[in-house]
file upload-v8.cif (mmCIF, C-alpha atoms (C1' of nucleotides))
data_start
#
loop_
_atom_site.label_atom_id
_atom_site.label_comp_id
_atom_site.auth_asym_id
_atom_site.auth_seq_id
_atom_site.Cartn_x
_atom_site.Cartn_y
_atom_site.Cartn_z
CA MET A 1 -20.87 -13.73 2.08
CA LYS A 2 -19.50 -11.23 -0.37
CA ASP A 3 -15.95 -12.58 -0.73
CA ILE A 4 -14.48 -9.24 0.11
CA THR A 5 -11.04 -10.70 0.82
CA SER A 6 -10.35 -11.71 -2.78
CA ARG A 7 -11.19 -8.22 -3.95
CA ILE A 8 -8.91 -6.75 -1.29
CA VAL A 9 -6.14 -9.08 -2.47
CA GLU A 10 -6.64 -7.99 -6.06
CA LEU A 11 -6.37 -4.30 -5.19
CA THR A 12 -3.52 -4.49 -2.66
CA LYS A 13 -1.46 -6.66 -5.04
CA HIS A 14 -0.71 -3.56 -7.12
CA GLY A 15 -1.29 -0.63 -4.78
CA HIS A 16 -3.85 0.79 -2.34
CA CYS A 17 -1.23 0.85 0.41
CA THR A 18 0.70 3.72 1.95
CA PRO A 19 3.86 4.21 4.03
CA GLN A 20 3.53 4.39 7.81
CA ILE A 21 5.02 7.80 8.42
CA SER A 22 4.80 7.78 12.20
CA GLN A 23 6.37 4.32 12.43
CA LEU A 24 9.21 5.36 10.14
CA ALA A 25 9.65 8.53 12.21
CA LYS A 26 10.04 6.50 15.40
CA LYS A 27 12.42 4.04 13.80
CA LEU A 28 14.60 6.74 12.24
CA LYS A 29 14.27 9.09 15.21
CA GLU A 30 13.24 12.02 13.06
CA PRO A 31 10.12 14.21 13.14
CA SER A 32 7.21 12.80 11.20
CA THR A 33 7.00 15.97 9.09
CA THR A 34 10.56 15.37 7.91
CA ILE A 35 9.69 11.79 6.95
CA HIS A 36 6.57 13.03 5.22
CA TYR A 37 8.54 15.59 3.22
CA ASN A 38 11.15 13.06 2.09
CA ILE A 39 8.59 10.46 1.10
CA LYS A 40 6.71 12.95 -1.04
CA LYS A 41 10.00 13.84 -2.68
CA LEU A 42 10.70 10.19 -3.54
CA GLU A 43 7.20 9.90 -4.98
CA LYS A 44 7.53 13.06 -7.08
CA GLU A 45 10.90 11.96 -8.45
CA GLY A 46 9.27 8.69 -9.49
CA ALA A 47 11.63 6.66 -7.31
CA ILE A 48 8.64 5.06 -5.61
CA LYS A 49 6.24 3.50 -8.09
CA SER A 50 3.68 2.01 -5.73
CA TYR A 51 2.94 0.62 -2.27
CA LYS A 52 1.59 -2.92 -2.22
CA ALA A 53 1.02 -6.10 -0.23
CA VAL A 54 3.23 -9.19 -0.42
CA PHE A 55 1.40 -12.49 -0.03
CA ASP A 56 1.90 -16.07 0.87
CA TYR A 57 0.80 -16.93 -2.63
CA LYS A 58 -0.24 -20.48 -1.77
CA LYS A 59 -2.81 -18.98 0.58
CA ILE A 60 -4.36 -16.74 -2.06
CA ASN A 61 -4.71 -19.51 -4.62
CA GLU A 62 -1.65 -18.57 -6.65
CA GLY A 63 0.62 -21.33 -5.42
CA PHE A 64 1.94 -22.43 -8.81
CA CYS A 65 4.90 -20.31 -9.86
CA VAL A 66 6.97 -20.69 -13.04
CA TYR A 67 9.93 -18.82 -14.49
CA VAL A 68 9.69 -18.81 -18.27
CA LEU A 69 12.79 -18.22 -20.38
CA ILE A 70 11.90 -17.10 -23.89
CA SER A 71 13.90 -16.90 -27.08
CA LEU A 72 12.61 -14.54 -29.75
CA ALA A 73 12.62 -14.90 -33.51
CA PRO A 74 15.38 -12.81 -35.11
CA ASP A 75 12.84 -10.48 -36.75
CA GLU A 76 11.56 -9.53 -33.27
CA TYR A 77 14.99 -8.49 -31.98
CA GLY A 78 14.40 -4.92 -33.10
CA ASN A 79 11.40 -4.45 -30.86
CA PRO A 80 11.25 -6.89 -27.96
CA GLU A 81 9.40 -4.28 -25.86
CA LYS A 82 6.25 -4.69 -27.89
CA ILE A 83 5.97 -8.40 -27.04
CA ALA A 84 7.16 -7.78 -23.48
CA GLN A 85 4.47 -5.19 -22.80
CA ASP A 86 1.77 -7.34 -24.37
CA ILE A 87 2.71 -10.21 -22.08
CA ALA A 88 3.05 -7.92 -19.03
CA LYS A 89 -0.62 -6.94 -19.24
CA HIS A 90 -1.80 -10.35 -18.07
CA PRO A 91 -2.64 -10.51 -14.36
CA GLN A 92 -0.84 -13.83 -13.87
CA ILE A 93 2.47 -12.15 -14.73
CA GLU A 94 4.49 -10.98 -11.76
CA SER A 95 7.48 -9.77 -13.77
CA VAL A 96 8.83 -9.37 -17.29
CA ASP A 97 12.46 -8.57 -18.05
CA ILE A 98 14.22 -8.09 -21.38
CA CYS A 99 17.60 -9.81 -21.03
CA THR A 100 21.00 -10.41 -22.51
CA GLY A 101 22.36 -13.90 -22.93
CA ASP A 102 20.80 -17.11 -24.21
CA TRP A 103 17.26 -15.85 -23.68
CA GLU A 104 15.67 -12.55 -24.61
CA LEU A 105 12.80 -12.54 -22.11
CA ILE A 106 12.32 -13.90 -18.63
CA LEU A 107 8.85 -14.06 -17.10
CA LYS A 108 7.65 -14.92 -13.63
CA VAL A 109 4.13 -16.35 -13.80
CA ARG A 110 1.75 -17.20 -10.93
CA THR A 111 -1.34 -19.35 -11.33
CA ALA A 112 -3.50 -21.49 -9.05
CA ASN A 113 -2.17 -24.78 -10.42
CA GLN A 114 -0.59 -26.59 -13.34
CA ASP A 115 -3.84 -26.71 -15.33
CA GLU A 116 -4.27 -22.98 -15.17
CA TYR A 117 -0.65 -22.53 -16.13
CA TYR A 118 -1.17 -24.78 -19.13
CA GLU A 119 -4.10 -22.63 -20.27
CA PHE A 120 -1.95 -19.56 -19.79
CA THR A 121 0.85 -20.90 -21.97
CA LYS A 122 -1.65 -21.78 -24.72
CA ASN A 123 -3.20 -18.31 -24.69
CA VAL A 124 -0.23 -16.07 -24.00
CA ILE A 125 3.12 -17.67 -24.60
CA SER A 126 2.29 -19.56 -27.79
CA ARG A 127 2.47 -16.69 -30.22
CA LYS A 128 4.29 -15.59 -33.28
CA GLY A 129 7.77 -14.28 -32.57
CA ILE A 130 8.51 -16.69 -29.74
CA ILE A 131 10.58 -19.55 -31.06
CA LYS A 132 11.93 -21.30 -27.97
CA ILE A 133 10.77 -21.66 -24.36
CA LYS A 134 12.25 -23.17 -21.23
CA SER A 135 10.21 -23.39 -18.02
CA LEU A 136 11.54 -23.61 -14.49
CA THR A 137 8.83 -24.45 -11.97
CA SER A 138 9.35 -23.13 -8.47
CA LEU A 139 9.08 -25.85 -5.84
CA LYS A 140 9.60 -23.51 -2.96
CA GLN A 141 9.97 -19.76 -2.79
CA VAL A 142 12.45 -18.86 -0.09
CA LYS A 143 12.34 -15.11 -0.68
CA THR A 144 10.16 -12.97 -2.89
CA GLU A 145 9.95 -9.22 -3.51
CA PHE A 146 12.71 -8.75 -0.89
CA VAL A 147 10.53 -10.50 1.71
CA GLU A 148 11.74 -13.79 3.20
CA MET A 149 9.01 -16.41 3.37
CA MET B 1 21.86 16.75 5.11
CA LYS B 2 21.00 13.55 6.82
CA ASP B 3 20.19 11.39 3.77
CA ILE B 4 16.90 10.37 5.19
CA THR B 5 15.57 9.14 1.86
CA SER B 6 17.97 6.22 1.61
CA ARG B 7 16.95 5.07 5.08
CA ILE B 8 13.29 5.38 4.13
CA VAL B 9 13.97 3.31 1.00
CA GLU B 10 15.71 0.64 3.07
CA LEU B 11 12.78 0.31 5.48
CA THR B 12 9.92 0.55 2.99
CA LYS B 13 11.59 -2.02 0.73
CA HIS B 14 10.55 -4.75 3.18
CA GLY B 15 7.66 -3.27 5.15
CA HIS B 16 6.66 -0.18 7.12
CA CYS B 17 3.65 0.31 4.88
CA THR B 18 -0.05 -0.33 5.51
CA PRO B 19 -3.23 -0.80 3.48
CA GLN B 20 -5.41 2.24 2.81
CA ILE B 21 -8.64 1.05 4.36
CA SER B 22 -10.78 4.06 3.51
CA GLN B 23 -9.62 4.04 -0.13
CA LEU B 24 -10.36 0.33 -0.43
CA ALA B 25 -13.75 0.94 1.19
CA LYS B 26 -14.62 3.56 -1.41
CA LYS B 27 -13.43 1.43 -4.30
CA LEU B 28 -15.27 -1.67 -3.12
CA LYS B 29 -18.31 0.26 -1.90
CA GLU B 30 -18.27 -1.39 1.50
CA PRO B 31 -18.04 0.13 5.00
CA SER B 32 -14.49 0.71 6.15
CA THR B 33 -15.06 -1.44 9.23
CA THR B 34 -15.84 -4.38 6.97
CA ILE B 35 -12.66 -3.80 5.00
CA HIS B 36 -10.73 -3.51 8.25
CA TYR B 37 -12.13 -6.78 9.54
CA ASN B 38 -11.27 -8.66 6.35
CA ILE B 39 -7.75 -7.30 6.14
CA LYS B 40 -7.01 -8.29 9.73
CA LYS B 41 -8.30 -11.76 8.86
CA LEU B 42 -5.92 -12.04 5.90
CA GLU B 43 -3.06 -10.93 8.14
CA LYS B 44 -3.92 -13.43 10.90
CA GLU B 45 -4.18 -16.28 8.40
CA GLY B 46 -0.71 -15.37 7.17
CA ALA B 47 -2.01 -14.71 3.64
CA ILE B 48 -0.49 -11.23 3.77
CA LYS B 49 3.20 -11.29 4.64
CA SER B 50 4.02 -7.60 4.44
CA TYR B 51 3.20 -4.23 2.93
CA LYS B 52 6.03 -2.57 1.02
CA ALA B 53 7.10 -0.03 -1.57
CA VAL B 54 7.97 -0.84 -5.19
CA PHE B 55 10.70 1.30 -6.71
CA ASP B 56 12.09 2.47 -9.98
CA TYR B 57 15.28 0.67 -9.05
CA LYS B 58 17.48 2.76 -11.33
CA LYS B 59 16.49 5.77 -9.28
CA ILE B 60 17.49 4.22 -5.97
CA ASN B 61 20.89 3.13 -7.20
CA GLU B 62 19.95 -0.50 -7.77
CA GLY B 63 19.72 -0.36 -11.52
CA PHE B 64 21.76 -3.47 -12.28
CA CYS B 65 19.55 -6.56 -12.16
CA VAL B 66 20.60 -10.14 -12.85
CA TYR B 67 18.78 -13.45 -12.83
CA VAL B 68 21.17 -16.19 -11.69
CA LEU B 69 20.46 -19.82 -12.55
CA ILE B 70 22.32 -22.18 -10.25
CA SER B 71 23.08 -25.87 -10.46
CA LEU B 72 23.90 -27.62 -7.18
CA ALA B 73 26.36 -30.40 -6.49
CA PRO B 74 24.62 -33.78 -6.13
CA ASP B 75 25.49 -33.97 -2.42
CA GLU B 76 23.47 -30.76 -1.86
CA TYR B 77 20.29 -32.11 -3.44
CA GLY B 78 19.09 -33.42 -0.11
CA ASN B 79 19.00 -29.97 1.45
CA PRO B 80 18.85 -27.12 -1.04
CA GLU B 81 16.96 -25.00 1.49
CA LYS B 82 20.06 -24.49 3.58
CA ILE B 83 21.96 -22.85 0.72
CA ALA B 84 18.83 -21.03 -0.46
CA GLN B 85 18.24 -19.45 2.94
CA ASP B 86 21.89 -18.49 3.32
CA ILE B 87 21.77 -16.69 -0.01
CA ALA B 88 18.38 -15.12 0.73
CA LYS B 89 19.81 -13.25 3.73
CA HIS B 90 21.82 -10.89 1.55
CA PRO B 91 20.14 -7.52 0.95
CA GLN B 92 20.95 -7.51 -2.77
CA ILE B 93 18.72 -10.55 -3.25
CA GLU B 94 15.18 -9.81 -4.34
CA SER B 95 14.08 -13.42 -4.68
CA VAL B 96 15.24 -17.01 -4.27
CA ASP B 97 13.32 -20.00 -5.63
CA ILE B 98 14.09 -23.69 -5.45
CA CYS B 99 13.19 -25.11 -8.86
CA THR B 100 12.69 -28.21 -10.96
CA GLY B 101 14.37 -28.56 -14.31
CA ASP B 102 17.88 -27.87 -15.49
CA TRP B 103 18.65 -25.57 -12.56
CA GLU B 104 18.02 -26.05 -8.85
CA LEU B 105 18.02 -22.41 -7.79
CA ILE B 106 17.00 -19.17 -9.44
CA LEU B 107 17.98 -15.85 -7.89
CA LYS B 108 17.08 -12.29 -8.72
CA VAL B 109 19.87 -9.95 -7.67
CA ARG B 110 19.91 -6.14 -7.64
CA THR B 111 23.06 -4.06 -7.33
CA ALA B 112 24.13 -0.52 -8.26
CA ASN B 113 26.28 -1.65 -11.20
CA GLN B 114 28.32 -4.43 -12.75
CA ASP B 115 31.26 -3.93 -10.37
CA GLU B 116 29.10 -4.37 -7.32
CA TYR B 117 27.52 -7.41 -8.90
CA TYR B 118 30.96 -8.88 -9.50
CA GLU B 119 31.84 -8.41 -5.82
CA PHE B 120 28.55 -10.04 -4.91
CA THR B 121 29.24 -13.12 -7.03
CA LYS B 122 32.70 -13.50 -5.49
CA ASN B 123 31.35 -13.27 -1.94
CA VAL B 124 28.04 -15.05 -2.18
CA ILE B 125 27.64 -17.20 -5.25
CA SER B 126 31.14 -18.70 -5.35
CA ARG B 127 30.71 -21.26 -2.65
CA LYS B 128 30.94 -24.96 -2.11
CA GLY B 129 27.90 -26.85 -3.36
CA ILE B 130 27.32 -24.62 -6.37
CA ILE B 131 28.80 -26.26 -9.44
CA LYS B 132 27.32 -24.37 -12.39
CA ILE B 133 25.98 -20.87 -12.92
CA LYS B 134 24.25 -19.04 -15.76
CA SER B 135 23.56 -15.32 -15.55
CA LEU B 136 20.87 -13.39 -17.41
CA THR B 137 21.29 -9.64 -17.12
CA SER B 138 18.12 -7.59 -17.33
CA LEU B 139 18.37 -4.83 -19.92
CA LYS B 140 14.92 -3.49 -19.19
CA GLN B 141 12.35 -4.42 -16.63
CA VAL B 142 8.90 -4.08 -18.12
CA LYS B 143 7.02 -5.31 -15.04
CA THR B 144 8.16 -6.13 -11.53
CA GLU B 145 6.32 -7.29 -8.42
CA PHE B 146 3.05 -7.09 -10.40
CA VAL B 147 3.70 -3.39 -11.09
CA GLU B 148 4.21 -2.27 -14.70
CA MET B 149 7.14 0.09 -15.12
"C1'" DT C 1 -34.19 -26.25 14.46
"C1'" DC C 2 -31.58 -24.54 17.76
"C1'" DA C 3 -27.01 -23.15 19.25
"C1'" DT C 4 -22.60 -21.41 18.04
"C1'" DA C 5 -19.45 -19.11 15.40
"C1'" DA C 6 -18.29 -15.87 11.75
"C1'" DA C 7 -19.06 -11.69 9.26
"C1'" DT C 8 -21.03 -7.12 8.70
"C1'" DT C 9 -21.87 -2.60 10.28
"C1'" DG C 10 -22.48 2.33 12.65
"C1'" DA C 11 -21.03 5.27 16.22
"C1'" DA C 12 -17.30 6.73 19.22
"C1'" DT C 13 -12.54 7.12 19.98
"C1'" DA C 14 -7.68 6.95 19.08
"C1'" DT C 15 -4.10 7.44 15.99
"C1'" DT C 16 -1.94 9.18 12.06
"C1'" DA C 17 -1.24 12.03 7.97
"C1'" DT C 18 -1.18 16.56 6.11
"C1'" DT C 19 -0.90 21.46 5.84
"C1'" DC C 20 1.28 25.62 6.88
"C1'" DA C 21 4.54 28.92 8.37
"C1'" DA C 22 8.97 29.58 10.33
"C1'" DT C 23 13.70 28.32 10.59
"C1'" DT C 24 17.94 26.32 9.13
"C1'" DA C 25 21.01 24.46 5.73
"C1'" DT C 26 22.66 24.10 1.10
"C1'" DT C 27 23.49 25.52 -3.56
"C1'" DT C 28 24.13 28.93 -7.17
"C1'" DA C 29 25.39 33.19 -9.28
"C1'" DT C 30 27.95 37.32 -9.12
"C1'" DA D 1 33.59 35.53 -0.56
"C1'" DT D 2 29.11 37.08 -0.26
"C1'" DA D 3 24.42 37.60 -1.27
"C1'" DA D 4 20.35 35.56 -3.16
"C1'" DA D 5 17.73 31.72 -4.12
"C1'" DT D 6 16.48 27.14 -3.36
"C1'" DA D 7 15.95 22.97 -0.68
"C1'" DA D 8 15.37 20.63 3.67
"C1'" DT D 9 13.95 20.42 8.46
"C1'" DT D 10 10.72 21.17 12.00
"C1'" DG D 11 6.63 22.27 15.52
"C1'" DA D 12 1.95 23.42 16.00
"C1'" DA D 13 -2.70 23.07 14.16
"C1'" DT D 14 -5.87 20.72 11.43
"C1'" DA D 15 -7.76 17.11 8.58
"C1'" DA D 16 -8.17 12.47 7.53
"C1'" DT D 17 -7.97 7.78 8.71
"C1'" DA D 18 -7.67 3.59 11.46
"C1'" DT D 19 -9.32 1.15 15.35
"C1'" DT D 20 -12.31 -0.31 18.99
"C1'" DC D 21 -16.60 -1.75 20.60
"C1'" DA D 22 -21.23 -3.35 20.82
"C1'" DA D 23 -25.13 -4.63 18.17
"C1'" DT D 24 -26.98 -7.04 14.34
"C1'" DT D 25 -27.08 -10.14 10.65
"C1'" DT D 26 -25.57 -14.17 8.28
"C1'" DA D 27 -23.63 -18.68 7.98
"C1'" DT D 28 -22.42 -23.35 9.99
"C1'" DG D 29 -23.17 -27.70 12.02
"C1'" DA D 30 -24.76 -30.89 15.53
#
call {"tool": "encode", "arguments": {"input": "upload-v8.cif", "output": "structure tokens"}}
result
Amino acid sequence: MKDITSRIVELTKHGHCTPQISQLAKKLKEPSTTIHYNIKKLEKEGAIKSYKAVFDYKKINEGFCVYVLISLAPDEYGNPEKIAQDIAKHPQIESVDICTGDWELILKVRTANQDEYYEFTKNVISRKGIIKIKSLTSLKQVKTEFVEM
Amino acid sequence: MKDITSRIVELTKHGHCTPQISQLAKKLKEPSTTIHYNIKKLEKEGAIKSYKAVFDYKKINEGFCVYVLISLAPDEYGNPEKIAQDIAKHPQIESVDICTGDWELILKVRTANQDEYYEFTKNVISRKGIIKIKSLTSLKQVKTEFVEM
DNA sequence: TCATAAATTGAATATTATTCAATTATTTAT
DNA sequence: ATAAATAATTGAATAATATTCAATTTATGA
């Protein structure tokens, strides 16, 4: 056994997918060359960033999901993007947004379980510049990435 | 002009994409039939829910993004899924999670602008059972759906 | 250890994407 | 308003890719 599935998951999580031109053509009742042309246009414009798979994350051992609200130290206000991009690099991070309001950053983190999440917080979230954290653990995800579960 | 692109966006936002088996085969240095077999297995198990496009949402007229933290009335605690699923149906909703902590629900909402978001809150979020709301508006999304922007 | 099921693979086929050239529609400049 | 230039649509031909199938190997479990 080579555990090919986990490597497929890792690659299709970010990309390695493609639109189904002929299916779209049928659905929209247009020639497939027209669909093809318009998709390439969207890609060139940068409107489409990637094609990817959406998972039942419990089934790929990423069942533990936490939203992390972060408050930054005042001296970091000038450049929140630096911290945001550093955090975004980690594979457990689904999303990072720089926000208005009571919190400057909001993260969505996926790990296998609470233990792994705890390790993650120690290594990634505990760092200079972050002065306050509130975590909201997801008990059930009803919809994710525009896909209803 | 038929505005085919916006219909393509609408369909590829949820699905109408497919994994690139031959690309995955090259990357993983395995025969494409092996990749095919393993992908079909993941699909049958329900581990893969869908294949979809990820967008630069500003460029598809969904540049206004808000995280909405919701507190439910005590009489709704017994069945938060009902409300969650009702909310999830709306196309502006990217995600809905039922959470622990100070807030019972967390939504991610995407609209064209603040006005549209305001209409959305009036129609969807102002409803019986929801007693407290906090909104966090995203100023910049650094990573979304595991894709760095 | 034998029997059964699961996973891997190559060769053949079916399906789908892509290229290209021609046509039509739209925009821009005069 | 008209001509010229650009952008979008499309069908036919080709290239690339997915899928099926049967054979083989590997793993599982009584």
call {"tool": "closest_residue", "arguments": {"input": "upload-v8.cif", "among": "C:DT16, C:DA25, C:DA11, C:DT4", "to": "DA7 of chain D", "atoms": "only C-alpha atoms (C1' of nucleotides)"}}
result
C:DA25
call {"tool": "resolve_selection", "arguments": {"input": "upload-v8.cif", "expression": "the PyMOL selection byres ((chain B and resi 2-19) around 7)", "output": "VMD selection string"}}
result
(chain A and resid 16 to 20 23 to 24 38 146 to 147) or (chain B and resid 1 20 to 21 50 to 53)
call {"tool": "residues_around", "arguments": {"input": "upload-v8.cif", "residues": "DT28 of chain D", "least_positions_apart": "5", "cutoff": "12 Å", "atoms": "all atoms listed in the file", "output": "VMD selection string"}}
result
chain C and resid 3 to 6
call {"tool": "resolve_selection", "arguments": {"input": "upload-v8.cif", "expression": "the PyMOL selection byres ((chain A) within 10 of (chain D))", "output": "PyMOL selection string"}}
result
chain A and resi 1+30-35+37-38
call {"tool": "resolve_selection", "arguments": {"input": "upload-v8.cif", "expression": "the PyMOL selection byres ((chain B and resi 101) around 10)", "output": "VMD selection string"}}
result
(chain A and resid 134 to 138) or (chain B and resid 71 99 to 100 102 to 105)
call {"tool": "build_atoms", "arguments": {"input": "upload-v8.cif", "residues": "segment 99-126 of chain A", "atoms": "N, CA and C atoms", "output": "PDB file, in the coordinates of the input"}}
result
ATOM      1  N   CYS A  99      16.287  -9.385 -21.515  1.00  0.00           N
ATOM      2  CA  CYS A  99      17.600  -9.810 -21.030  1.00  0.00           C
ATOM      3  C   CYS A  99      18.642  -9.934 -22.132  1.00  0.00           C
ATOM      4  N   THR A 100      19.883  -9.956 -21.680  1.00  0.00           N
ATOM      5  CA  THR A 100      21.000 -10.410 -22.510  1.00  0.00           C
ATOM      6  C   THR A 100      21.130 -11.924 -22.361  1.00  0.00           C
ATOM      7  N   GLY A 101      22.013 -12.498 -23.135  1.00  0.00           N
ATOM      8  CA  GLY A 101      22.360 -13.900 -22.930  1.00  0.00           C
ATOM      9  C   GLY A 101      21.568 -14.823 -23.818  1.00  0.00           C
ATOM     10  N   ASP A 102      21.420 -16.075 -23.383  1.00  0.00           N
ATOM     11  CA  ASP A 102      20.800 -17.110 -24.210  1.00  0.00           C
ATOM     12  C   ASP A 102      19.323 -16.865 -24.449  1.00  0.00           C
ATOM     13  N   TRP A 103      18.710 -16.059 -23.595  1.00  0.00           N
ATOM     14  CA  TRP A 103      17.260 -15.850 -23.680  1.00  0.00           C
ATOM     15  C   TRP A 103      16.961 -14.364 -23.701  1.00  0.00           C
ATOM     16  N   GLU A 104      15.975 -13.984 -24.485  1.00  0.00           N
ATOM     17  CA  GLU A 104      15.670 -12.550 -24.610  1.00  0.00           C
ATOM     18  C   GLU A 104      14.701 -12.048 -23.544  1.00  0.00           C
ATOM     19  N   LEU A 105      13.779 -12.942 -23.120  1.00  0.00           N
ATOM     20  CA  LEU A 105      12.800 -12.540 -22.110  1.00  0.00           C
ATOM     21  C   LEU A 105      12.805 -13.524 -20.947  1.00  0.00           C
ATOM     22  N   ILE A 106      12.561 -13.011 -19.763  1.00  0.00           N
ATOM     23  CA  ILE A 106      12.320 -13.900 -18.630  1.00  0.00           C
ATOM     24  C   ILE A 106      11.077 -13.424 -17.897  1.00  0.00           C
ATOM     25  N   LEU A 107      10.135 -14.352 -17.747  1.00  0.00           N
ATOM     26  CA  LEU A 107       8.850 -14.060 -17.100  1.00  0.00           C
ATOM     27  C   LEU A 107       8.767 -14.783 -15.769  1.00  0.00           C
ATOM     28  N   LYS A 108       8.039 -14.201 -14.842  1.00  0.00           N
ATOM     29  CA  LYS A 108       7.650 -14.920 -13.630  1.00  0.00           C
ATOM     30  C   LYS A 108       6.124 -14.956 -13.639  1.00  0.00           C
ATOM     31  N   VAL A 109       5.574 -16.154 -13.641  1.00  0.00           N
ATOM     32  CA  VAL A 109       4.130 -16.350 -13.800  1.00  0.00           C
ATOM     33  C   VAL A 109       3.565 -17.028 -12.560  1.00  0.00           C
ATOM     34  N   ARG A 110       2.429 -16.556 -12.079  1.00  0.00           N
ATOM     35  CA  ARG A 110       1.750 -17.200 -10.930  1.00  0.00           C
ATOM     36  C   ARG A 110       0.336 -17.587 -11.314  1.00  0.00           C
ATOM     37  N   THR A 111       0.035 -18.875 -11.119  1.00  0.00           N
ATOM     38  CA  THR A 111      -1.340 -19.350 -11.330  1.00  0.00           C
ATOM     39  C   THR A 111      -1.725 -20.251 -10.161  1.00  0.00           C
ATOM     40  N   ALA A 112      -3.002 -20.645 -10.146  1.00  0.00           N
ATOM     41  CA  ALA A 112      -3.500 -21.490  -9.050  1.00  0.00           C
ATOM     42  C   ALA A 112      -2.847 -22.868  -9.089  1.00  0.00           C
ATOM     43  N   ASN A 113      -2.663 -23.407 -10.289  1.00  0.00           N
ATOM     44  CA  ASN A 113      -2.170 -24.780 -10.420  1.00  0.00           C
ATOM     45  C   ASN A 113      -1.645 -25.016 -11.832  1.00  0.00           C
ATOM     46  N   GLN A 114      -1.215 -26.248 -12.073  1.00  0.00           N
ATOM     47  CA  GLN A 114      -0.590 -26.590 -13.340  1.00  0.00           C
ATOM     48  C   GLN A 114      -1.574 -26.457 -14.518  1.00  0.00           C
ATOM     49  N   ASP A 115      -2.826 -26.812 -14.273  1.00  0.00           N
ATOM     50  CA  ASP A 115      -3.840 -26.710 -15.330  1.00  0.00           C
ATOM     51  C   ASP A 115      -4.010 -25.272 -15.806  1.00  0.00           C
ATOM     52  N   GLU A 116      -4.108 -24.393 -14.822  1.00  0.00           N
ATOM     53  CA  GLU A 116      -4.270 -22.980 -15.170  1.00  0.00           C
ATOM     54  C   GLU A 116      -3.027 -22.459 -15.892  1.00  0.00           C
ATOM     55  N   TYR A 117      -1.886 -22.948 -15.457  1.00  0.00           N
ATOM     56  CA  TYR A 117      -0.650 -22.530 -16.130  1.00  0.00           C
ATOM     57  C   TYR A 117      -0.635 -23.004 -17.578  1.00  0.00           C
ATOM     58  N   TYR A 118      -1.120 -24.224 -17.780  1.00  0.00           N
ATOM     59  CA  TYR A 118      -1.170 -24.780 -19.130  1.00  0.00           C
ATOM     60  C   TYR A 118      -2.064 -23.920 -20.035  1.00  0.00           C
ATOM     61  N   GLU A 119      -3.215 -23.521 -19.510  1.00  0.00           N
ATOM     62  CA  GLU A 119      -4.100 -22.630 -20.270  1.00  0.00           C
ATOM     63  C   GLU A 119      -3.385 -21.314 -20.601  1.00  0.00           C
ATOM     64  N   PHE A 120      -2.681 -20.816 -19.607  1.00  0.00           N
ATOM     65  CA  PHE A 120      -1.950 -19.560 -19.790  1.00  0.00           C
ATOM     66  C   PHE A 120      -0.934 -19.655 -20.925  1.00  0.00           C
ATOM     67  N   THR A 121      -0.168 -20.737 -20.922  1.00  0.00           N
ATOM     68  CA  THR A 121       0.850 -20.900 -21.970  1.00  0.00           C
ATOM     69  C   THR A 121       0.188 -20.966 -23.341  1.00  0.00           C
ATOM     70  N   LYS A 122      -0.945 -21.680 -23.426  1.00  0.00           N
ATOM     71  CA  LYS A 122      -1.650 -21.780 -24.720  1.00  0.00           C
ATOM     72  C   LYS A 122      -2.078 -20.410 -25.217  1.00  0.00           C
ATOM     73  N   ASN A 123      -2.609 -19.596 -24.284  1.00  0.00           N
ATOM     74  CA  ASN A 123      -3.200 -18.310 -24.690  1.00  0.00           C
ATOM     75  C   ASN A 123      -2.180 -17.188 -24.845  1.00  0.00           C
ATOM     76  N   VAL A 124      -1.121 -17.232 -24.068  1.00  0.00           N
ATOM     77  CA  VAL A 124      -0.230 -16.070 -24.000  1.00  0.00           C
ATOM     78  C   VAL A 124       1.137 -16.332 -24.598  1.00  0.00           C
ATOM     79  N   ILE A 125       1.720 -17.460 -24.223  1.00  0.00           N
ATOM     80  CA  ILE A 125       3.120 -17.670 -24.600  1.00  0.00           C
ATOM     81  C   ILE A 125       3.254 -18.260 -25.997  1.00  0.00           C
ATOM     82  N   SER A 126       2.234 -19.021 -26.427  1.00  0.00           N
ATOM     83  CA  SER A 126       2.290 -19.560 -27.790  1.00  0.00           C
ATOM     84  C   SER A 126       1.878 -18.476 -28.767  1.00  0.00           C
TER      85      SER A 126
END
